[in-house]
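Next comes final.txt, with compact mmCIF, C-alpha atoms.
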# COMPACT_ATOMS: atom_id res chain seq x y z
CA MET A 1 29.94 -17.38 0.69
CA SER A 2 26.54 -16.43 -0.55
CA ILE A 3 23.67 -14.02 -0.18
CA GLU A 4 19.96 -14.43 -0.65
CA VAL A 5 18.04 -12.10 -2.95
CA ASN A 6 14.27 -12.38 -2.86
CA GLY A 7 14.57 -15.91 -1.49
CA ARG A 8 17.10 -17.06 -4.10
CA LYS A 9 20.70 -17.86 -3.28
CA THR A 10 23.39 -16.10 -5.22
CA ASP A 11 27.15 -15.58 -4.86
CA TRP A 12 28.51 -12.99 -2.52
CA VAL A 13 30.96 -10.65 -4.23
CA GLU A 14 33.45 -8.70 -2.15
CA ASN A 15 32.95 -4.92 -2.13
CA GLU A 16 29.81 -5.13 -4.22
CA SER A 17 27.42 -2.21 -3.86
CA VAL A 18 23.64 -2.47 -4.03
CA LYS A 19 23.78 -0.78 -7.42
CA LYS A 20 26.29 -3.32 -8.76
CA LEU A 21 24.30 -6.23 -7.34
CA LEU A 22 21.13 -5.03 -9.05
CA THR A 23 23.00 -4.86 -12.35
CA ARG A 24 24.56 -8.30 -11.80
CA ILE A 25 21.23 -9.99 -11.13
CA LYS A 26 19.73 -8.03 -14.05
CA TYR A 27 17.22 -6.23 -11.89
CA THR A 28 16.70 -3.36 -14.24
CA PHE A 29 13.51 -1.81 -12.86
CA PRO A 30 14.29 1.79 -12.02
CA LEU A 31 11.94 2.14 -9.06
CA VAL A 32 12.85 -0.33 -6.39
CA VAL A 33 12.85 -0.50 -2.63
CA VAL A 34 15.79 -2.45 -1.21
CA LYS A 35 16.13 -3.91 2.24
CA ILE A 36 19.27 -5.64 3.53
CA ASN A 37 18.55 -7.86 6.52
CA ASP A 38 15.25 -6.01 6.90
CA LYS A 39 16.96 -2.61 6.99
CA LEU A 40 15.99 -0.08 4.36
CA VAL A 41 18.66 1.19 1.99
CA LEU A 42 17.83 4.60 0.57
CA ARG A 43 18.06 4.82 -3.20
CA LYS A 44 20.57 7.64 -2.98
CA ASN A 45 22.87 5.26 -1.11
CA PHE A 46 22.68 2.36 -3.58
CA ASP A 47 26.15 2.93 -4.98
CA LYS A 48 27.89 3.37 -1.63
CA THR A 49 26.18 0.63 0.36
CA ILE A 50 28.27 -2.56 0.31
CA ILE A 51 26.53 -5.91 0.61
CA PRO A 52 27.81 -7.96 3.56
CA ASP A 53 28.30 -11.71 3.18
CA LYS A 54 25.32 -13.90 4.17
CA SER A 55 22.90 -10.98 3.72
CA LYS A 56 19.24 -11.51 3.12
CA ILE A 57 18.21 -8.95 0.55
CA ASP A 58 14.73 -7.99 -0.53
CA VAL A 59 14.15 -6.03 -3.67
CA ILE A 60 10.66 -4.91 -4.54
CA HIS A 61 9.71 -2.90 -7.57
CA MET A 62 6.65 -0.74 -7.81
CA ILE A 63 4.55 -0.74 -10.96
CA SER A 64 2.40 2.26 -11.87
CA GLY A 65 -1.33 1.88 -11.42
CA GLY A 66 -3.77 2.47 -8.64
CA MET B 1 -27.16 -17.67 25.41
CA ILE B 2 -24.31 -15.74 23.84
CA SER B 3 -22.17 -17.99 21.71
CA ASN B 4 -18.39 -17.76 21.55
CA LYS B 5 -18.74 -16.68 17.96
CA ASN B 6 -20.83 -13.67 18.97
CA LYS B 7 -18.43 -12.78 21.76
CA LYS B 8 -15.53 -12.90 19.33
CA TYR B 9 -17.48 -10.80 16.84
CA ASP B 10 -18.24 -8.13 19.46
CA TYR B 11 -14.62 -8.13 20.58
CA ILE B 12 -13.39 -7.63 17.00
CA LYS B 13 -16.04 -5.00 16.31
CA ASN B 14 -14.88 -3.02 19.31
CA ILE B 15 -11.22 -3.15 18.25
CA LEU B 16 -12.05 -2.10 14.70
CA SER B 17 -14.26 0.79 15.77
CA ASN B 18 -11.36 2.16 17.83
CA SER B 19 -8.81 1.73 15.05
CA ILE B 20 -7.41 4.35 12.70
CA VAL B 21 -6.45 3.59 9.10
CA GLY B 22 -4.69 6.13 6.91
CA ILE B 23 -5.15 5.99 3.14
CA ALA B 24 -2.84 7.84 0.76
CA GLY B 25 -4.74 8.43 -2.48
CA LEU B 26 -8.42 8.02 -3.27
CA GLY B 27 -8.27 6.62 -6.79
CA GLY B 28 -9.04 3.04 -7.76
CA LEU B 29 -7.23 1.50 -4.80
CA GLY B 30 -7.98 4.11 -2.13
CA SER B 31 -11.67 4.75 -2.84
CA ASN B 32 -12.54 1.05 -2.86
CA ALA B 33 -10.37 0.29 0.19
CA ALA B 34 -12.01 3.16 2.10
CA ILE B 35 -15.49 1.80 1.36
CA ALA B 36 -14.51 -1.76 2.37
CA LEU B 37 -13.06 -0.49 5.64
CA THR B 38 -16.16 1.61 6.29
CA ARG B 39 -18.46 -1.37 5.78
CA LEU B 40 -16.21 -3.43 8.01
CA GLY B 41 -16.58 -0.96 10.86
CA ILE B 42 -13.22 0.81 11.06
CA GLY B 43 -14.03 3.80 13.26
CA ASN B 44 -11.48 6.32 12.03
CA LEU B 45 -10.09 7.06 8.60
CA VAL B 46 -7.40 9.54 7.60
CA LEU B 47 -7.74 10.28 3.90
CA ILE B 48 -5.47 12.25 1.58
CA ASP B 49 -6.08 13.22 -2.04
CA TYR B 50 -5.84 16.42 -4.09
CA ASP B 51 -7.69 15.26 -7.20
CA ILE B 52 -11.20 15.78 -8.55
CA VAL B 53 -13.64 13.12 -9.77
CA GLU B 54 -13.60 12.73 -13.55
CA LYS B 55 -15.90 10.73 -15.80
CA GLU B 56 -13.01 8.40 -16.73
CA ASN B 57 -12.63 7.42 -13.06
CA LEU B 58 -16.06 5.82 -12.87
CA ASN B 59 -14.96 2.58 -14.54
CA ARG B 60 -13.18 1.55 -11.33
CA GLN B 61 -13.32 4.18 -8.61
CA TYR B 62 -16.04 4.41 -5.97
CA TYR B 63 -17.75 7.59 -7.18
CA PHE B 64 -20.95 8.40 -9.03
CA LEU B 65 -22.00 10.37 -12.10
CA ASP B 66 -23.38 13.25 -10.04
CA GLN B 67 -20.02 13.60 -8.28
CA ILE B 68 -18.04 14.46 -11.42
CA GLY B 69 -16.15 17.70 -10.79
CA MET B 70 -16.17 17.30 -7.01
CA ASN B 71 -13.00 16.92 -4.99
CA LYS B 72 -12.45 13.22 -4.33
CA ILE B 73 -12.09 14.01 -0.64
CA ASP B 74 -15.57 15.59 -0.52
CA ALA B 75 -17.13 12.90 -2.72
CA MET B 76 -15.62 10.11 -0.61
CA LYS B 77 -16.85 11.76 2.59
CA GLU B 78 -20.36 11.81 1.11
CA ASN B 79 -20.17 8.13 0.11
CA ILE B 80 -18.74 6.96 3.42
CA LYS B 81 -21.36 8.89 5.41
CA LYS B 82 -24.13 7.27 3.37
CA ILE B 83 -22.91 3.89 4.64
CA ASN B 84 -21.98 4.88 8.18
CA PRO B 85 -22.37 8.46 9.40
CA ASN B 86 -20.40 7.66 12.57
CA VAL B 87 -17.03 7.07 10.93
CA LYS B 88 -14.64 9.79 12.13
CA LEU B 89 -12.87 11.27 9.15
CA THR B 90 -9.69 13.30 9.04
CA LEU B 91 -9.51 14.75 5.55
CA HIS B 92 -6.56 16.31 3.76
CA LYS B 93 -7.22 17.92 0.39
CA LYS B 94 -3.55 17.95 -0.45
CA ARG B 95 -0.90 16.61 -2.77
CA LEU B 96 1.64 14.54 -0.85
CA LYS B 97 4.96 16.33 -0.68
CA LYS B 98 8.23 14.46 -0.42
CA GLY B 99 9.73 15.04 3.01
CA SER B 100 6.46 15.70 4.84
CA ILE B 101 4.54 12.53 3.93
CA SER B 102 4.89 10.90 7.32
CA THR B 103 3.30 13.82 9.22
CA TYR B 104 -0.22 12.74 8.20
CA PHE B 105 0.18 9.20 9.46
CA LYS B 106 1.76 9.52 12.88
CA LYS B 107 -1.42 8.55 14.74
CA VAL B 108 -2.78 5.82 12.48
CA ASP B 109 -2.57 2.09 13.23
CA VAL B 110 -1.96 1.10 9.61
CA ILE B 111 -1.12 3.04 6.45
CA ILE B 112 -2.49 2.03 3.06
CA GLU B 113 -0.52 3.17 0.02
CA ALA B 114 -3.07 3.73 -2.73
CA LEU B 115 -1.12 5.93 -5.11
CA ASP B 116 -0.80 5.66 -8.86
CA ASP B 117 2.62 6.60 -10.18
CA ALA B 118 5.46 4.12 -9.53
CA ARG B 119 7.92 6.83 -8.59
CA ILE B 120 5.56 8.34 -6.02
CA LYS B 121 4.70 4.87 -4.66
CA THR B 122 8.41 4.14 -4.20
CA GLU B 123 9.14 7.50 -2.56
CA PHE B 124 6.13 7.08 -0.29
CA ILE B 125 7.19 3.61 0.92
CA GLU B 126 10.78 4.74 1.37
CA GLU B 127 9.79 7.74 3.46
CA ILE B 128 7.40 5.80 5.68
CA LEU B 129 9.90 2.98 6.26
CA LEU B 130 12.54 5.56 7.13
CA LYS B 131 10.54 7.99 9.26
CA LEU B 132 7.91 5.70 10.81
CA PRO B 133 9.78 2.38 10.93
CA LYS B 134 7.39 0.84 13.44
CA LYS B 135 4.26 1.71 11.49
CA PRO B 136 2.70 -1.09 9.41
CA ILE B 137 2.29 -0.09 5.78
CA VAL B 138 0.23 -1.92 3.14
CA ALA B 139 1.11 -1.20 -0.49
CA ALA B 140 0.07 -2.51 -3.90
CA SER B 141 1.96 -3.05 -7.13
CA GLY B 142 0.75 -4.56 -10.40
CA VAL B 143 -2.85 -3.42 -10.64
CA THR B 144 -3.40 -3.37 -14.41
CA GLY B 145 -5.14 -5.86 -16.67
CA TYR B 146 -7.65 -8.62 -16.10
CA GLU B 147 -5.62 -11.76 -16.72
CA ASN B 148 -3.82 -13.96 -14.17
CA PRO B 149 -5.40 -12.65 -10.97
CA ASP B 150 -4.04 -15.78 -9.27
CA ARG B 151 -0.55 -14.33 -9.61
CA ILE B 152 -1.41 -11.76 -6.94
CA LYS B 153 0.17 -12.50 -3.59
CA THR B 154 1.23 -10.85 -0.38
CA LYS B 155 4.88 -10.24 0.26
CA LYS B 156 5.79 -9.38 3.84
CA LEU B 157 8.98 -7.45 4.50
CA GLY B 158 9.08 -6.49 8.16
CA LYS B 159 6.36 -3.88 8.62
CA LEU B 160 5.75 -3.60 4.88
CA TYR B 161 2.97 -5.72 3.42
CA LEU B 162 3.01 -5.64 -0.36
CA VAL B 163 0.11 -6.88 -2.47
CA GLN B 164 1.80 -7.63 -5.73
CA ASP B 165 1.75 -9.16 -9.14
CA ASP B 166 5.37 -8.92 -10.20
CA LEU B 167 4.59 -9.67 -13.81
CA ALA B 168 1.80 -7.14 -14.34
CA LEU B 169 2.39 -4.28 -16.74
CA SER B 170 2.40 -0.59 -15.85
CA THR B 171 -0.41 1.80 -16.76
CA ASP B 172 1.69 2.97 -19.72
CA GLU B 173 1.29 -0.46 -21.27
CA ASP B 174 -2.03 -1.81 -20.01
CA MET B 175 -5.44 -0.65 -18.80
CA LEU B 176 -7.00 -0.49 -15.38
CA TYR B 177 -10.13 -2.60 -15.03
CA ALA B 178 -12.61 -2.51 -12.16
CA PRO B 179 -12.49 -6.16 -11.04
CA ARG B 180 -8.70 -6.33 -10.79
CA VAL B 181 -8.40 -2.90 -9.15
CA CYS B 182 -11.12 -3.80 -6.64
CA ILE B 183 -9.47 -7.15 -5.86
CA MET B 184 -6.25 -5.39 -4.97
CA ALA B 185 -8.00 -2.55 -3.10
CA ASN B 186 -9.96 -5.03 -1.01
CA TRP B 187 -6.84 -7.15 -0.54
CA GLU B 188 -5.12 -4.07 0.88
CA ALA B 189 -8.10 -3.40 3.17
CA ASN B 190 -8.07 -7.03 4.29
CA LEU B 191 -4.36 -6.88 5.06
CA ALA B 192 -4.89 -3.71 7.09
CA VAL B 193 -7.45 -5.53 9.23
CA GLU B 194 -5.21 -8.57 9.53
CA VAL B 195 -2.44 -6.31 10.82
CA ILE B 196 -4.74 -4.53 13.28
CA LEU B 197 -6.09 -7.77 14.70
CA SER B 198 -2.89 -9.80 14.50
CA ASP B 199 -1.67 -9.12 18.02
CA LYS B 200 -5.12 -8.89 19.61
CA ILE B 201 -6.80 -12.19 18.81

Would you mind giving the structure from this file in structure tokens?
Amino acid sequence: MSIEVNGRKTDWVENESVKKLLTRIKYTFPLVVVKINDKLVLRKNFDKTIIPDKSKIDVIHMISGG
Amino acid sequence: MISNKNKKYDYIKNILSNSIVGIAGLGGLGSNAAIALTRLGIGNLVLIDYDIVEKENLNRQYYFLDQIGMNKIDAMKENIKKINPNVKLTLHKKRLKKGSISTYFKKVDVIIEALDDARIKTEFIEEILLKLPKKPIVAASGVTGYENPDRIKTKKLGKLYLVQDDLALSTDEDMLYAPRVCIMANWEANLAVEVILSDKI
């Protein structure tokens, strides 16, 4: 049972929220856009959205400058 | 005799002149992307910015000394028209407001995110992905510095095309330099064209 985060395989943890996953993989950037299986997860829903097994997750973080 | 190359060129030119690109922000990324798209022959641009041209902008943004104090929207219109007076411009002298961001981009073929602050960039992308899920959006992250330009790459996530250097610092920690900013601005413009032409060639 595993998930893929930004192309890298990692363990799937039962009942893990997006917020918990980001902490577990030490993704500490505050301003991120998260997609699970190409579906956007709003930031306000990070702590109540549970990661399903075999998910493909993309996390992008935006850096100031433009 | 008309060569295939010329036929292809005319075909592309026609598509581009009928295309609409929306650009959010006319700073380092937006001003340079707008000029690249103008030179390329994009026929319609939707531009949004609330800011005025300052002297400090001239080290990377596509404005001139005699435009200091002007609204960026007006200055950009002037600069675009000097290159091609036929580009149709839809101009919004406004600050983007959370919740109504998508309204400006409903009719465009591609959206270019050319904002500055990370929080606003994130909110912008989130709102577009949520409210206009079928609309291609090109964004950029990691614009500072001058080292390691070969770290820049495109990350494609569905309709989101991100030009990024994951390891670049933020503007709180590093400077913005013209070459790097222009690389990323032109990369965004190039991606916009790639998206427009992708299903037509």

List every protein, DNA or RNA residue with an atom no more than 10 Å from (19.0, -15.1, -0.4) in the file's coordinates, counting all atoms listed in the file, and format the result as a compact mmCIF listing (two decimals) with C-alpha atoms, in the coordinates of the input.
# COMPACT_ATOMS: atom_id res chain seq x y z
CA SER A 2 26.54 -16.43 -0.55
CA ILE A 3 23.67 -14.02 -0.18
CA GLU A 4 19.96 -14.43 -0.65
CA VAL A 5 18.04 -12.10 -2.95
CA ASN A 6 14.27 -12.38 -2.86
CA GLY A 7 14.57 -15.91 -1.49
CA ARG A 8 17.10 -17.06 -4.10
CA LYS A 9 20.70 -17.86 -3.28
CA THR A 10 23.39 -16.10 -5.22
CA ASP A 11 27.15 -15.58 -4.86
CA TRP A 12 28.51 -12.99 -2.52
CA LYS A 54 25.32 -13.90 4.17
CA SER A 55 22.90 -10.98 3.72
CA LYS A 56 19.24 -11.51 3.12
CA ILE A 57 18.21 -8.95 0.55
CA ASP A 58 14.73 -7.99 -0.53

So that each row is one residue of chain A with an atom at most 9 Å from chain B, can you give its shortest atom pair and the distance in Å to one decimal, using all atoms listed in the file, rows by chain and rising number, as a tab-separated table?
residue	atom	partner	partner_atom	distance
A:Pro30	CA	B:Arg119	CA	8.8
A:Leu31	CA	B:Arg119	CA	6.2
A:Val32	CA	B:Thr122	CA	6.7
A:Val33	CA	B:Thr122	CA	6.6
A:Lys35	CA	B:Leu157	CA	8.3
A:Asp38	CA	B:Gly158	CA	6.3
A:Lys39	CA	B:Gly158	CA	8.9
A:Leu40	CA	B:Leu129	CA	7.1
A:Val41	CA	B:Glu126	CA	8.7
A:Leu42	CA	B:Glu126	CA	7.1
A:Arg43	CA	B:Glu126	CA	8.6
A:Asp58	CA	B:Leu157	CA	7.7
A:Ile60	CA	B:Asp166	CA	8.7
A:His61	CA	B:Ser141	CA	7.8
A:Met62	CA	B:Ser141	CA	5.3
A:Ile63	CA	B:Ala118	CA	5.1
A:Ser64	CA	B:Ala118	CA	4.3
A:Gly65	CA	B:Asp116	CA	4.6
A:Gly66	CA	B:Asp116	CA	4.4

Box dimensions and centre (Å, one decimal) enclosing stretch 3-6 of chain A, axis-aligned, 8 Å extra per side, as lines of an AutoDock Vina configuration file:
center_x = 19.0
center_y = -13.3
center_z = -1.6
size_x = 25.4
size_y = 18.3
size_z = 18.8

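Picture a line from atom CA of B:Val138 to atom CA of B:Leu191; it runs 7.0 Å.
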
Using all atoms listed in the file, determine which residues lie at most 10 Å from A:Ile51, disregarding the query and same-chain residues fewer than 5 positions distant; provide the list as a PyMOL selection string. chain A and resi 3+12-21+36+56-57

Point-to-point distance in Å for atom CA of B:Lys94 and atom CA of B:Leu45: 15.6 Å

Residue list as a compact mmCIF listing (two decimals) with C-alpha atoms, in the frame of the given file for point (-9.8, 4.9, 1.6), cut-off 7 Å, all atoms listed in the file:
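Listing of result-v6.txt after writing:
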# COMPACT_ATOMS: atom_id res chain seq x y z
CA ILE B 23 -5.15 5.99 3.14
CA LEU B 26 -8.42 8.02 -3.27
CA GLY B 30 -7.98 4.11 -2.13
CA SER B 31 -11.67 4.75 -2.84
CA ASN B 32 -12.54 1.05 -2.86
CA ALA B 33 -10.37 0.29 0.19
CA ALA B 34 -12.01 3.16 2.10
CA ILE B 35 -15.49 1.80 1.36
CA LEU B 47 -7.74 10.28 3.90

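Rounded to one decimal, atom CA of B:Lys7 and atom CA of B:Val87 lie 22.7 Å from each other.
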
Dump N, CA and C atoms of stretch 83-113 of chain B from the given block, as a PDB file, in the first residue's frame.
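Contents of selection_7.pdb, as written:
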ATOM      1  N   ILE B  83       4.947  48.298 -31.143  1.00  0.00           N
ATOM      2  CA  ILE B  83       5.397  47.095 -31.858  1.00  0.00           C
ATOM      3  C   ILE B  83       4.343  46.650 -32.863  1.00  0.00           C
ATOM      4  N   ASN B  84       3.098  46.593 -32.402  1.00  0.00           N
ATOM      5  CA  ASN B  84       1.999  46.208 -33.290  1.00  0.00           C
ATOM      6  C   ASN B  84       0.714  46.930 -32.883  1.00  0.00           C
ATOM      7  N   PRO B  85       0.332  47.943 -33.638  1.00  0.00           N
ATOM      8  CA  PRO B  85      -0.868  48.711 -33.273  1.00  0.00           C
ATOM      9  C   PRO B  85      -2.170  47.925 -33.422  1.00  0.00           C
ATOM     10  N   ASN B  86      -2.094  46.755 -34.063  1.00  0.00           N
ATOM     11  CA  ASN B  86      -3.331  45.990 -34.304  1.00  0.00           C
ATOM     12  C   ASN B  86      -3.715  45.017 -33.193  1.00  0.00           C
ATOM     13  N   VAL B  87      -2.843  44.859 -32.199  1.00  0.00           N
ATOM     14  CA  VAL B  87      -3.199  43.950 -31.105  1.00  0.00           C
ATOM     15  C   VAL B  87      -4.421  44.503 -30.381  1.00  0.00           C
ATOM     16  N   LYS B  88      -5.416  43.658 -30.189  1.00  0.00           N
ATOM     17  CA  LYS B  88      -6.626  44.106 -29.460  1.00  0.00           C
ATOM     18  C   LYS B  88      -6.387  43.910 -27.961  1.00  0.00           C
ATOM     19  N   LEU B  89      -6.497  45.014 -27.238  1.00  0.00           N
ATOM     20  CA  LEU B  89      -6.198  44.962 -25.811  1.00  0.00           C
ATOM     21  C   LEU B  89      -7.455  45.143 -24.974  1.00  0.00           C
ATOM     22  N   THR B  90      -7.594  44.298 -23.970  1.00  0.00           N
ATOM     23  CA  THR B  90      -8.632  44.499 -22.960  1.00  0.00           C
ATOM     24  C   THR B  90      -7.883  44.799 -21.673  1.00  0.00           C
ATOM     25  N   LEU B  91      -8.051  46.014 -21.160  1.00  0.00           N
ATOM     26  CA  LEU B  91      -7.199  46.467 -20.058  1.00  0.00           C
ATOM     27  C   LEU B  91      -8.001  46.648 -18.773  1.00  0.00           C
ATOM     28  N   HIS B  92      -7.458  46.142 -17.694  1.00  0.00           N
ATOM     29  CA  HIS B  92      -8.106  46.298 -16.387  1.00  0.00           C
ATOM     30  C   HIS B  92      -7.118  46.926 -15.415  1.00  0.00           C
ATOM     31  N   LYS B  93      -7.391  48.171 -15.042  1.00  0.00           N
ATOM     32  CA  LYS B  93      -6.519  48.856 -14.088  1.00  0.00           C
ATOM     33  C   LYS B  93      -7.033  48.518 -12.699  1.00  0.00           C
ATOM     34  N   LYS B  94      -6.801  47.308 -12.276  1.00  0.00           N
ATOM     35  CA  LYS B  94      -7.428  46.848 -11.031  1.00  0.00           C
ATOM     36  C   LYS B  94      -6.518  45.930 -10.250  1.00  0.00           C
ATOM     37  N   ARG B  95      -6.748  45.881  -8.953  1.00  0.00           N
ATOM     38  CA  ARG B  95      -6.080  44.904  -8.099  1.00  0.00           C
ATOM     39  C   ARG B  95      -6.960  43.655  -8.095  1.00  0.00           C
ATOM     40  N   LEU B  96      -6.353  42.496  -8.291  1.00  0.00           N
ATOM     41  CA  LEU B  96      -7.145  41.264  -8.298  1.00  0.00           C
ATOM     42  C   LEU B  96      -7.735  41.021  -6.923  1.00  0.00           C
ATOM     43  N   LYS B  97      -9.007  40.687  -6.896  1.00  0.00           N
ATOM     44  CA  LYS B  97      -9.674  40.468  -5.612  1.00  0.00           C
ATOM     45  C   LYS B  97     -10.094  39.022  -5.496  1.00  0.00           C
ATOM     46  N   LYS B  98      -9.679  38.411  -4.396  1.00  0.00           N
ATOM     47  CA  LYS B  98     -10.014  37.006  -4.151  1.00  0.00           C
ATOM     48  C   LYS B  98     -11.521  36.793  -4.322  1.00  0.00           C
ATOM     49  N   GLY B  99     -11.887  35.786  -5.071  1.00  0.00           N
ATOM     50  CA  GLY B  99     -13.313  35.501  -5.258  1.00  0.00           C
ATOM     51  C   GLY B  99     -13.820  35.949  -6.623  1.00  0.00           C
ATOM     52  N   SER B 100     -13.187  37.010  -7.173  1.00  0.00           N
ATOM     53  CA  SER B 100     -13.668  37.481  -8.490  1.00  0.00           C
ATOM     54  C   SER B 100     -12.569  37.429  -9.549  1.00  0.00           C
ATOM     55  N   ILE B 101     -11.497  36.708  -9.243  1.00  0.00           N
ATOM     56  CA  ILE B 101     -10.342  36.615 -10.146  1.00  0.00           C
ATOM     57  C   ILE B 101     -10.729  36.024 -11.504  1.00  0.00           C
ATOM     58  N   SER B 102     -11.528  34.965 -11.456  1.00  0.00           N
ATOM     59  CA  SER B 102     -11.805  34.228 -12.686  1.00  0.00           C
ATOM     60  C   SER B 102     -12.625  35.035 -13.702  1.00  0.00           C
ATOM     61  N   THR B 103     -13.359  36.045 -13.231  1.00  0.00           N
ATOM     62  CA  THR B 103     -14.257  36.790 -14.127  1.00  0.00           C
ATOM     63  C   THR B 103     -13.513  37.428 -15.313  1.00  0.00           C
ATOM     64  N   TYR B 104     -12.258  37.813 -15.096  1.00  0.00           N
ATOM     65  CA  TYR B 104     -11.492  38.474 -16.168  1.00  0.00           C
ATOM     66  C   TYR B 104     -11.033  37.501 -17.260  1.00  0.00           C
ATOM     67  N   PHE B 105     -11.020  36.231 -16.939  1.00  0.00           N
ATOM     68  CA  PHE B 105     -10.349  35.279 -17.826  1.00  0.00           C
ATOM     69  C   PHE B 105     -11.276  34.280 -18.513  1.00  0.00           C
ATOM     70  N   LYS B 106     -12.572  34.524 -18.399  1.00  0.00           N
ATOM     71  CA  LYS B 106     -13.524  33.540 -18.949  1.00  0.00           C
ATOM     72  C   LYS B 106     -13.348  33.320 -20.445  1.00  0.00           C
ATOM     73  N   LYS B 107     -12.984  34.388 -21.170  1.00  0.00           N
ATOM     74  CA  LYS B 107     -12.933  34.258 -22.636  1.00  0.00           C
ATOM     75  C   LYS B 107     -11.543  33.981 -23.200  1.00  0.00           C
ATOM     76  N   VAL B 108     -10.528  33.935 -22.352  1.00  0.00           N
ATOM     77  CA  VAL B 108      -9.177  33.768 -22.891  1.00  0.00           C
ATOM     78  C   VAL B 108      -8.881  32.294 -23.199  1.00  0.00           C
ATOM     79  N   ASP B 109      -7.903  32.074 -24.073  1.00  0.00           N
ATOM     80  CA  ASP B 109      -7.500  30.700 -24.398  1.00  0.00           C
ATOM     81  C   ASP B 109      -6.523  30.159 -23.356  1.00  0.00           C
ATOM     82  N   VAL B 110      -5.652  31.034 -22.875  1.00  0.00           N
ATOM     83  CA  VAL B 110      -4.658  30.646 -21.867  1.00  0.00           C
ATOM     84  C   VAL B 110      -4.502  31.796 -20.873  1.00  0.00           C
ATOM     85  N   ILE B 111      -4.279  31.444 -19.617  1.00  0.00           N
ATOM     86  CA  ILE B 111      -4.015  32.459 -18.591  1.00  0.00           C
ATOM     87  C   ILE B 111      -2.541  32.375 -18.187  1.00  0.00           C
ATOM     88  N   ILE B 112      -1.901  33.528 -18.087  1.00  0.00           N
ATOM     89  CA  ILE B 112      -0.537  33.557 -17.558  1.00  0.00           C
ATOM     90  C   ILE B 112      -0.551  34.225 -16.182  1.00  0.00           C
ATOM     91  N   GLU B 113      -0.088  33.486 -15.193  1.00  0.00           N
ATOM     92  CA  GLU B 113       0.064  34.047 -13.841  1.00  0.00           C
ATOM     93  C   GLU B 113       1.407  34.751 -13.813  1.00  0.00           C
TER      94      GLU B 113
END
